[in-house]
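J.: I have a structure I would like to understand better, so I am pasting it below and will then ask my questions one at a time.
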Amino acid sequence: MVCLNLGWKVSPMANTSPRLAVRAVILHEGRLLLVNAYPDGQSDLMCAPGGGVELGASLPDNLIREVFEETGLKIDVGVPCLVNEFHDPTRGFHQVDVYFHCQVIGSPQIDADWQDLERIVTDRRWVTRDQMTGLRVKPDALIDVAFGGAGITYDPLELIVR
């Protein structure tokens with residue numbers, strides 16, 4: 001398929017809208033909650049908890065559901081702090097993530113035996129800024145958004161990495 005106005009060649013999948021997801025930036029006692037959402041050790045990449053938006057539910061309601069599914073934690077959703085886009089041009093996949101500052105309601109302790117229903121999340125951990133610099137984390141702007149106190153940030157389109 002060719003976009004006539006720009007002349008770009010795109011995959012047939014490009015006719016669909018980007019996937020919309022929500023993610024939580026949760027700080028507790030100077031530590032950020034990160035998860036690994038690659039089953040069976042496919043990647044060591046860490047990210048903020050969250051996931052795809054379901055039609056008919058608000059972004060905060062989707063985020064509350066996703067964080068609970070992945071971690072067993074209950075959260076209060078605050079203000080948006082980051083919009084990130086990523087894509088995999090070989091598959092024609094494009095996702096837009098909206099990140100929100102959040103707070104844990106109750107204990108921040110994650111049950112070591114907690115499993116998300118799809119068994120996708122293989123690691124959950126609270127990390128300091130220094131610990132985060134030693135991990136592979138996406139998006140690139142997450143460390144500054146979480147620990148830098150910046151206002152809402154836009155992190156432009158980046159390639160998906162595994």
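The way I read the labels, and the way they are meant: chains A, B, ... in the order of the structure tokens, residue 1 as the first residue of every chain, and ligand 1 as the first ligand shown, with later ones counted on from there.
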Run DSSP on the backbone of this structure and report the residues of stretch 24-120 of chain A it assigns to alpha helix (DSSP H), as a PDB file with all heavy atoms, in the first residue's frame.
T.:
```pdb
ATOM      1  N   LEU A  59      -9.203   5.586  31.006  1.00  0.00           N
ATOM      2  CA  LEU A  59      -7.773   5.281  31.096  1.00  0.00           C
ATOM      3  C   LEU A  59      -7.374   4.937  32.539  1.00  0.00           C
ATOM      4  O   LEU A  59      -6.701   3.931  32.763  1.00  0.00           O
ATOM      5  CB  LEU A  59      -6.926   6.427  30.542  1.00  0.00           C
ATOM      6  CG  LEU A  59      -7.104   6.733  29.050  1.00  0.00           C
ATOM      7  CD1 LEU A  59      -6.191   7.884  28.633  1.00  0.00           C
ATOM      8  CD2 LEU A  59      -6.878   5.523  28.186  1.00  0.00           C
ATOM      9  N   PRO A  60      -7.787   5.734  33.550  1.00  0.00           N
ATOM     10  CA  PRO A  60      -7.452   5.356  34.925  1.00  0.00           C
ATOM     11  C   PRO A  60      -8.021   4.003  35.339  1.00  0.00           C
ATOM     12  O   PRO A  60      -7.332   3.213  36.009  1.00  0.00           O
ATOM     13  CB  PRO A  60      -8.032   6.498  35.768  1.00  0.00           C
ATOM     14  CG  PRO A  60      -7.998   7.673  34.847  1.00  0.00           C
ATOM     15  CD  PRO A  60      -8.359   7.096  33.500  1.00  0.00           C
ATOM     16  N   ASP A  61      -9.251   3.694  34.959  1.00  0.00           N
ATOM     17  CA  ASP A  61      -9.829   2.394  35.309  1.00  0.00           C
ATOM     18  C   ASP A  61      -9.058   1.252  34.648  1.00  0.00           C
ATOM     19  O   ASP A  61      -8.835   0.206  35.263  1.00  0.00           O
ATOM     20  CB  ASP A  61     -11.308   2.332  34.923  1.00  0.00           C
ATOM     21  CG  ASP A  61     -12.196   3.147  35.846  1.00  0.00           C
ATOM     22  OD1 ASP A  61     -11.729   3.555  36.937  1.00  0.00           O
ATOM     23  OD2 ASP A  61     -13.364   3.398  35.471  1.00  0.00           O
ATOM     24  N   ASN A  62      -8.654   1.441  33.406  1.00  0.00           N
ATOM     25  CA  ASN A  62      -7.835   0.437  32.734  1.00  0.00           C
ATOM     26  C   ASN A  62      -6.510   0.250  33.460  1.00  0.00           C
ATOM     27  O   ASN A  62      -6.040  -0.873  33.625  1.00  0.00           O
ATOM     28  CB  ASN A  62      -7.568   0.845  31.274  1.00  0.00           C
ATOM     29  CG  ASN A  62      -8.663   0.415  30.345  1.00  0.00           C
ATOM     30  OD1 ASN A  62      -8.781  -0.756  30.008  1.00  0.00           O
ATOM     31  ND2 ASN A  62      -9.487   1.364  29.912  1.00  0.00           N
ATOM     32  N   LEU A  63      -5.913   1.336  33.899  1.00  0.00           N
ATOM     33  CA  LEU A  63      -4.618   1.257  34.575  1.00  0.00           C
ATOM     34  C   LEU A  63      -4.741   0.553  35.930  1.00  0.00           C
ATOM     35  O   LEU A  63      -3.895  -0.281  36.279  1.00  0.00           O
ATOM     36  CB  LEU A  63      -4.018   2.650  34.737  1.00  0.00           C
ATOM     37  CG  LEU A  63      -2.592   2.709  35.251  1.00  0.00           C
ATOM     38  CD1 LEU A  63      -1.640   1.834  34.427  1.00  0.00           C
ATOM     39  CD2 LEU A  63      -2.106   4.159  35.252  1.00  0.00           C
ATOM     40  N   ILE A  64      -5.775   0.860  36.670  1.00  0.00           N
ATOM     41  CA  ILE A  64      -6.013   0.183  37.950  1.00  0.00           C
ATOM     42  C   ILE A  64      -6.111  -1.326  37.731  1.00  0.00           C
ATOM     43  O   ILE A  64      -5.509  -2.122  38.455  1.00  0.00           O
ATOM     44  CB  ILE A  64      -7.286   0.747  38.631  1.00  0.00           C
ATOM     45  CG1 ILE A  64      -7.031   2.170  39.118  1.00  0.00           C
ATOM     46  CG2 ILE A  64      -7.760  -0.158  39.759  1.00  0.00           C
ATOM     47  CD1 ILE A  64      -8.285   2.939  39.496  1.00  0.00           C
ATOM     48  N   ARG A  65      -6.863  -1.727  36.697  1.00  0.00           N
ATOM     49  CA  ARG A  65      -7.021  -3.153  36.373  1.00  0.00           C
ATOM     50  C   ARG A  65      -5.687  -3.776  35.975  1.00  0.00           C
ATOM     51  O   ARG A  65      -5.313  -4.838  36.475  1.00  0.00           O
ATOM     52  CB  ARG A  65      -8.040  -3.321  35.234  1.00  0.00           C
ATOM     53  CG  ARG A  65      -8.176  -4.753  34.729  1.00  0.00           C
ATOM     54  CD  ARG A  65      -9.076  -4.858  33.500  1.00  0.00           C
ATOM     55  NE  ARG A  65      -8.833  -3.877  32.462  1.00  0.00           N
ATOM     56  CZ  ARG A  65      -7.819  -3.930  31.583  1.00  0.00           C
ATOM     57  NH1 ARG A  65      -6.953  -4.908  31.622  1.00  0.00           N
ATOM     58  NH2 ARG A  65      -7.685  -2.992  30.661  1.00  0.00           N
ATOM     59  N   GLU A  66      -4.954  -3.127  35.091  1.00  0.00           N
ATOM     60  CA  GLU A  66      -3.697  -3.682  34.596  1.00  0.00           C
ATOM     61  C   GLU A  66      -2.649  -3.834  35.700  1.00  0.00           C
ATOM     62  O   GLU A  66      -1.973  -4.856  35.789  1.00  0.00           O
ATOM     63  CB  GLU A  66      -3.134  -2.813  33.465  1.00  0.00           C
ATOM     64  CG  GLU A  66      -3.828  -2.995  32.141  1.00  0.00           C
ATOM     65  CD  GLU A  66      -3.536  -4.334  31.487  1.00  0.00           C
ATOM     66  OE1 GLU A  66      -2.511  -4.975  31.798  1.00  0.00           O
ATOM     67  OE2 GLU A  66      -4.342  -4.741  30.632  1.00  0.00           O
ATOM     68  N   VAL A  67      -2.505  -2.817  36.538  1.00  0.00           N
ATOM     69  CA  VAL A  67      -1.515  -2.896  37.619  1.00  0.00           C
ATOM     70  C   VAL A  67      -1.888  -4.015  38.589  1.00  0.00           C
ATOM     71  O   VAL A  67      -1.022  -4.783  39.028  1.00  0.00           O
ATOM     72  CB  VAL A  67      -1.357  -1.537  38.339  1.00  0.00           C
ATOM     73  CG1 VAL A  67      -0.530  -1.679  39.614  1.00  0.00           C
ATOM     74  CG2 VAL A  67      -0.716  -0.519  37.402  1.00  0.00           C
ATOM     75  N   PHE A  68      -3.161  -4.134  38.913  1.00  0.00           N
ATOM     76  CA  PHE A  68      -3.579  -5.222  39.806  1.00  0.00           C
ATOM     77  C   PHE A  68      -3.299  -6.581  39.165  1.00  0.00           C
ATOM     78  O   PHE A  68      -2.782  -7.485  39.821  1.00  0.00           O
ATOM     79  CB  PHE A  68      -5.054  -5.098  40.187  1.00  0.00           C
ATOM     80  CG  PHE A  68      -5.474  -6.152  41.167  1.00  0.00           C
ATOM     81  CD1 PHE A  68      -5.128  -6.039  42.506  1.00  0.00           C
ATOM     82  CD2 PHE A  68      -6.165  -7.277  40.752  1.00  0.00           C
ATOM     83  CE1 PHE A  68      -5.477  -7.029  43.423  1.00  0.00           C
ATOM     84  CE2 PHE A  68      -6.517  -8.269  41.650  1.00  0.00           C
ATOM     85  CZ  PHE A  68      -6.167  -8.147  42.993  1.00  0.00           C
ATOM     86  N   GLU A  69      -3.653  -6.732  37.883  1.00  0.00           N
ATOM     87  CA  GLU A  69      -3.408  -8.014  37.203  1.00  0.00           C
ATOM     88  C   GLU A  69      -1.930  -8.390  37.225  1.00  0.00           C
ATOM     89  O   GLU A  69      -1.582  -9.552  37.413  1.00  0.00           O
ATOM     90  CB  GLU A  69      -3.881  -7.951  35.744  1.00  0.00           C
ATOM     91  CG  GLU A  69      -5.382  -7.993  35.581  1.00  0.00           C
ATOM     92  CD  GLU A  69      -5.814  -7.830  34.126  1.00  0.00           C
ATOM     93  OE1 GLU A  69      -4.952  -7.725  33.227  1.00  0.00           O
ATOM     94  OE2 GLU A  69      -7.036  -7.799  33.883  1.00  0.00           O
ATOM     95  N   GLU A  70      -1.044  -7.417  37.000  1.00  0.00           N
ATOM     96  CA  GLU A  70       0.383  -7.709  36.883  1.00  0.00           C
ATOM     97  C   GLU A  70       1.114  -7.815  38.214  1.00  0.00           C
ATOM     98  O   GLU A  70       2.124  -8.501  38.299  1.00  0.00           O
ATOM     99  CB  GLU A  70       1.066  -6.639  36.018  1.00  0.00           C
ATOM    100  CG  GLU A  70       0.631  -6.693  34.580  1.00  0.00           C
ATOM    101  CD  GLU A  70       1.329  -5.687  33.695  1.00  0.00           C
ATOM    102  OE1 GLU A  70       2.189  -4.905  34.174  1.00  0.00           O
ATOM    103  OE2 GLU A  70       1.035  -5.673  32.499  1.00  0.00           O
ATOM    104  N   THR A  71       0.593  -7.133  39.257  1.00  0.00           N
ATOM    105  CA  THR A  71       1.348  -7.056  40.512  1.00  0.00           C
ATOM    106  C   THR A  71       0.553  -7.422  41.756  1.00  0.00           C
ATOM    107  O   THR A  71       1.146  -7.655  42.805  1.00  0.00           O
ATOM    108  CB  THR A  71       1.897  -5.631  40.724  1.00  0.00           C
ATOM    109  OG1 THR A  71       0.801  -4.741  40.944  1.00  0.00           O
ATOM    110  CG2 THR A  71       2.730  -5.166  39.537  1.00  0.00           C
TER     111      THR A  71
END
```
J.: What lies within 7 Å of stretch 84-89 of chain A using only C-alpha atoms, ignoring chain neighbours under 6 positions off, as a list in words?
T.: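 Using only C-alpha atoms, the neighbours found are Gln95, Val96, Asp97, Val98, Tyr154, Asp155, Pro156, Leu157, Glu158, Leu159 and Ile160 of chain A.
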J.: Could you turn the residues from that selection into a file that holds all heavy atoms, as a compact mmCIF listing (two decimals), in the first residue's frame?
T.:
```txt
# COMPACT_ATOMS: atom_id res chain seq x y z
N GLN A 95 2.33 1.32 18.98
CA GLN A 95 1.61 1.47 20.25
C GLN A 95 1.88 2.84 20.84
O GLN A 95 3.00 3.35 20.78
CB GLN A 95 2.05 0.39 21.25
CG GLN A 95 1.33 0.49 22.59
CD GLN A 95 1.46 -0.75 23.41
OE1 GLN A 95 1.12 -1.83 22.94
NE2 GLN A 95 1.94 -0.63 24.64
N VAL A 96 0.86 3.42 21.44
CA VAL A 96 0.97 4.68 22.16
C VAL A 96 0.68 4.38 23.63
O VAL A 96 -0.38 3.86 23.96
CB VAL A 96 -0.03 5.74 21.62
CG1 VAL A 96 0.05 7.01 22.45
CG2 VAL A 96 0.25 6.02 20.15
N ASP A 97 1.64 4.69 24.49
CA ASP A 97 1.49 4.50 25.94
C ASP A 97 1.27 5.85 26.60
O ASP A 97 2.04 6.79 26.36
CB ASP A 97 2.75 3.88 26.55
CG ASP A 97 2.95 2.42 26.20
OD1 ASP A 97 1.97 1.75 25.85
OD2 ASP A 97 4.09 1.95 26.29
N VAL A 98 0.27 5.92 27.46
CA VAL A 98 0.05 7.11 28.29
C VAL A 98 0.41 6.70 29.72
O VAL A 98 -0.18 5.78 30.28
CB VAL A 98 -1.41 7.60 28.22
CG1 VAL A 98 -1.60 8.83 29.10
CG2 VAL A 98 -1.80 7.89 26.77
N TYR A 154 6.78 14.17 26.20
CA TYR A 154 6.48 13.36 25.03
C TYR A 154 7.77 12.69 24.59
O TYR A 154 8.78 13.37 24.36
CB TYR A 154 5.90 14.21 23.89
CG TYR A 154 5.78 13.44 22.60
CD1 TYR A 154 4.84 12.42 22.48
CD2 TYR A 154 6.60 13.71 21.53
CE1 TYR A 154 4.72 11.69 21.30
CE2 TYR A 154 6.49 12.99 20.35
CZ TYR A 154 5.55 11.98 20.25
OH TYR A 154 5.44 11.27 19.09
N ASP A 155 7.76 11.38 24.51
CA ASP A 155 8.92 10.61 24.08
C ASP A 155 8.60 10.10 22.69
O ASP A 155 7.75 9.22 22.52
CB ASP A 155 9.15 9.44 25.05
CG ASP A 155 10.48 8.77 24.88
OD1 ASP A 155 11.36 9.35 24.22
OD2 ASP A 155 10.65 7.67 25.40
N PRO A 156 9.25 10.65 21.65
CA PRO A 156 8.87 10.32 20.28
C PRO A 156 9.07 8.85 19.92
O PRO A 156 9.72 8.11 20.64
CB PRO A 156 9.74 11.22 19.43
CG PRO A 156 10.81 11.71 20.30
CD PRO A 156 10.36 11.56 21.72
N LEU A 157 8.50 8.50 18.81
CA LEU A 157 8.50 7.14 18.29
C LEU A 157 9.87 6.48 18.39
O LEU A 157 10.86 7.00 17.92
CB LEU A 157 8.05 7.17 16.82
CG LEU A 157 7.65 5.88 16.18
CD1 LEU A 157 6.41 5.30 16.83
CD2 LEU A 157 7.40 6.11 14.70
N GLU A 158 9.92 5.32 19.06
CA GLU A 158 11.16 4.56 19.14
C GLU A 158 10.89 3.12 18.76
O GLU A 158 9.77 2.64 18.90
CB GLU A 158 11.81 4.68 20.51
CG GLU A 158 10.97 4.25 21.68
CD GLU A 158 11.69 4.46 23.01
OE1 GLU A 158 12.57 3.66 23.34
OE2 GLU A 158 11.34 5.42 23.70
N LEU A 159 11.92 2.44 18.29
CA LEU A 159 11.79 1.05 17.89
C LEU A 159 11.59 0.16 19.09
O LEU A 159 12.14 0.39 20.16
CB LEU A 159 13.05 0.60 17.14
CG LEU A 159 13.27 1.20 15.77
CD1 LEU A 159 14.63 0.76 15.22
CD2 LEU A 159 12.17 0.79 14.82
N ILE A 160 10.81 -0.89 18.92
CA ILE A 160 10.65 -1.91 19.94
C ILE A 160 11.96 -2.69 20.01
O ILE A 160 12.54 -3.04 18.99
CB ILE A 160 9.51 -2.88 19.60
CG1 ILE A 160 8.17 -2.16 19.68
CG2 ILE A 160 9.53 -4.10 20.51
CD1 ILE A 160 7.00 -3.01 19.26
```
J.: For the atom pair atom CA of A:Asp44 and atom CA of A:Asp140, what is the interatomic distance in Å to one decimal place?
T.: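 We find that atom CA of A:Asp44 and atom CA of A:Asp140 lie 15.1 Å from each other.
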J.: Name all residues at most 12 Å from stretch 142-151 of chain A (count only C-alpha atoms; drop same-chain ones fewer than 4 positions away) and give them as an NGL selection string.
T.: :A and (23-34 or 46-49 or 79-84 or 97-102 or 127-138 or 155)
J.: Would you save the residues of that selection, restricted to N, CA and C atoms, as a short mmCIF file (atom, residue, chain, number, x, y, z; two decimals), in the first residue's frame?
T.:
```
data_model
loop_
_atom_site.label_atom_id
_atom_site.label_comp_id
_atom_site.auth_asym_id
_atom_site.auth_seq_id
_atom_site.Cartn_x
_atom_site.Cartn_y
_atom_site.Cartn_z
N ARG A 23 0.25 3.07 31.45
CA ARG A 23 1.31 2.57 32.31
C ARG A 23 1.40 3.44 33.56
N ALA A 24 1.85 2.81 34.65
CA ALA A 24 1.91 3.48 35.96
C ALA A 24 3.34 3.79 36.36
N VAL A 25 3.57 5.03 36.71
CA VAL A 25 4.84 5.45 37.30
C VAL A 25 4.58 5.51 38.80
N ILE A 26 5.01 4.45 39.50
CA ILE A 26 4.72 4.31 40.92
C ILE A 26 6.02 4.40 41.70
N LEU A 27 6.18 5.46 42.45
CA LEU A 27 7.32 5.64 43.34
C LEU A 27 6.88 5.37 44.77
N HIS A 28 7.71 4.63 45.49
CA HIS A 28 7.45 4.39 46.91
C HIS A 28 8.80 4.38 47.63
N GLU A 29 8.95 5.30 48.56
CA GLU A 29 10.19 5.41 49.33
C GLU A 29 11.42 5.44 48.44
N GLY A 30 11.36 6.26 47.38
CA GLY A 30 12.51 6.46 46.50
C GLY A 30 12.77 5.32 45.53
N ARG A 31 11.81 4.43 45.38
CA ARG A 31 11.96 3.29 44.45
C ARG A 31 10.81 3.29 43.45
N LEU A 32 11.14 2.93 42.22
CA LEU A 32 10.17 2.84 41.13
C LEU A 32 9.82 1.39 40.88
N LEU A 33 8.55 1.11 40.67
CA LEU A 33 8.12 -0.25 40.36
C LEU A 33 8.31 -0.53 38.87
N LEU A 34 9.05 -1.60 38.57
CA LEU A 34 9.26 -2.05 37.20
C LEU A 34 8.84 -3.50 37.07
N MET A 46 12.92 -4.19 31.10
CA MET A 46 11.98 -3.82 32.16
C MET A 46 11.19 -2.58 31.72
N CYS A 47 9.97 -2.46 32.25
CA CYS A 47 9.12 -1.31 31.94
C CYS A 47 8.19 -1.04 33.12
N ALA A 48 7.45 0.03 33.02
CA ALA A 48 6.45 0.33 34.05
C ALA A 48 5.26 -0.60 33.86
N PRO A 49 4.60 -1.00 34.94
CA PRO A 49 3.44 -1.88 34.81
C PRO A 49 2.29 -1.20 34.08
N VAL A 79 -1.98 12.23 37.80
CA VAL A 79 -1.96 12.97 36.54
C VAL A 79 -1.06 12.29 35.50
N PRO A 80 -1.37 12.51 34.22
CA PRO A 80 -0.49 11.99 33.17
C PRO A 80 0.89 12.65 33.26
N CYS A 81 1.92 11.88 32.91
CA CYS A 81 3.27 12.43 33.00
C CYS A 81 4.13 12.14 31.77
N LEU A 82 3.71 11.22 30.91
CA LEU A 82 4.51 10.87 29.74
C LEU A 82 3.61 10.25 28.69
N VAL A 83 3.83 10.63 27.45
CA VAL A 83 3.24 9.95 26.31
C VAL A 83 4.41 9.40 25.51
N ASN A 84 4.39 8.09 25.27
CA ASN A 84 5.47 7.41 24.56
C ASN A 84 4.88 6.62 23.41
N ASP A 97 1.64 4.69 24.49
CA ASP A 97 1.49 4.50 25.94
C ASP A 97 1.27 5.85 26.60
N VAL A 98 0.27 5.92 27.46
CA VAL A 98 0.05 7.11 28.29
C VAL A 98 0.41 6.70 29.72
N TYR A 99 1.42 7.38 30.28
CA TYR A 99 1.91 7.09 31.63
C TYR A 99 1.27 8.07 32.61
N PHE A 100 0.92 7.55 33.80
CA PHE A 100 0.34 8.36 34.86
C PHE A 100 1.16 8.19 36.13
N HIS A 101 1.35 9.28 36.88
CA HIS A 101 1.89 9.15 38.23
C HIS A 101 0.83 8.46 39.07
N CYS A 102 1.24 7.48 39.87
CA CYS A 102 0.30 6.72 40.69
C CYS A 102 0.88 6.51 42.08
N VAL A 127 12.95 -0.45 42.30
CA VAL A 127 14.35 -0.09 42.06
C VAL A 127 14.60 1.39 42.36
N THR A 128 15.82 1.67 42.83
CA THR A 128 16.25 3.05 43.00
C THR A 128 16.70 3.60 41.66
N ARG A 129 16.94 4.88 41.61
CA ARG A 129 17.45 5.50 40.38
C ARG A 129 18.78 4.85 39.99
N ASP A 130 19.67 4.66 40.97
CA ASP A 130 20.96 4.05 40.67
C ASP A 130 20.81 2.62 40.15
N GLN A 131 19.92 1.84 40.74
CA GLN A 131 19.69 0.48 40.26
C GLN A 131 19.11 0.48 38.85
N MET A 132 18.27 1.45 38.57
CA MET A 132 17.63 1.53 37.26
C MET A 132 18.65 1.76 36.15
N THR A 133 19.70 2.50 36.44
CA THR A 133 20.71 2.76 35.40
C THR A 133 21.45 1.50 35.00
N GLY A 134 21.41 0.45 35.82
CA GLY A 134 22.06 -0.80 35.49
C GLY A 134 21.15 -1.80 34.79
N LEU A 135 19.91 -1.39 34.50
CA LEU A 135 18.94 -2.28 33.86
C LEU A 135 18.63 -1.79 32.44
N ARG A 136 18.16 -2.71 31.61
CA ARG A 136 17.62 -2.30 30.31
C ARG A 136 16.17 -1.92 30.54
N VAL A 137 15.84 -0.64 30.33
CA VAL A 137 14.51 -0.11 30.62
C VAL A 137 14.02 0.69 29.42
N LYS A 138 12.75 0.55 29.12
CA LYS A 138 12.10 1.37 28.10
C LYS A 138 10.85 1.97 28.70
N ASP A 155 7.76 11.38 24.51
CA ASP A 155 8.92 10.61 24.08
C ASP A 155 8.60 10.10 22.69
#
```
J.: Take atom CA of A:Asp116 and atom CA of A:Ala37 and report the distance between them in Å, one decimal.
T.: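 Going from atom CA of A:Asp116 over to atom CA of A:Ala37, I get 10.1 Å.
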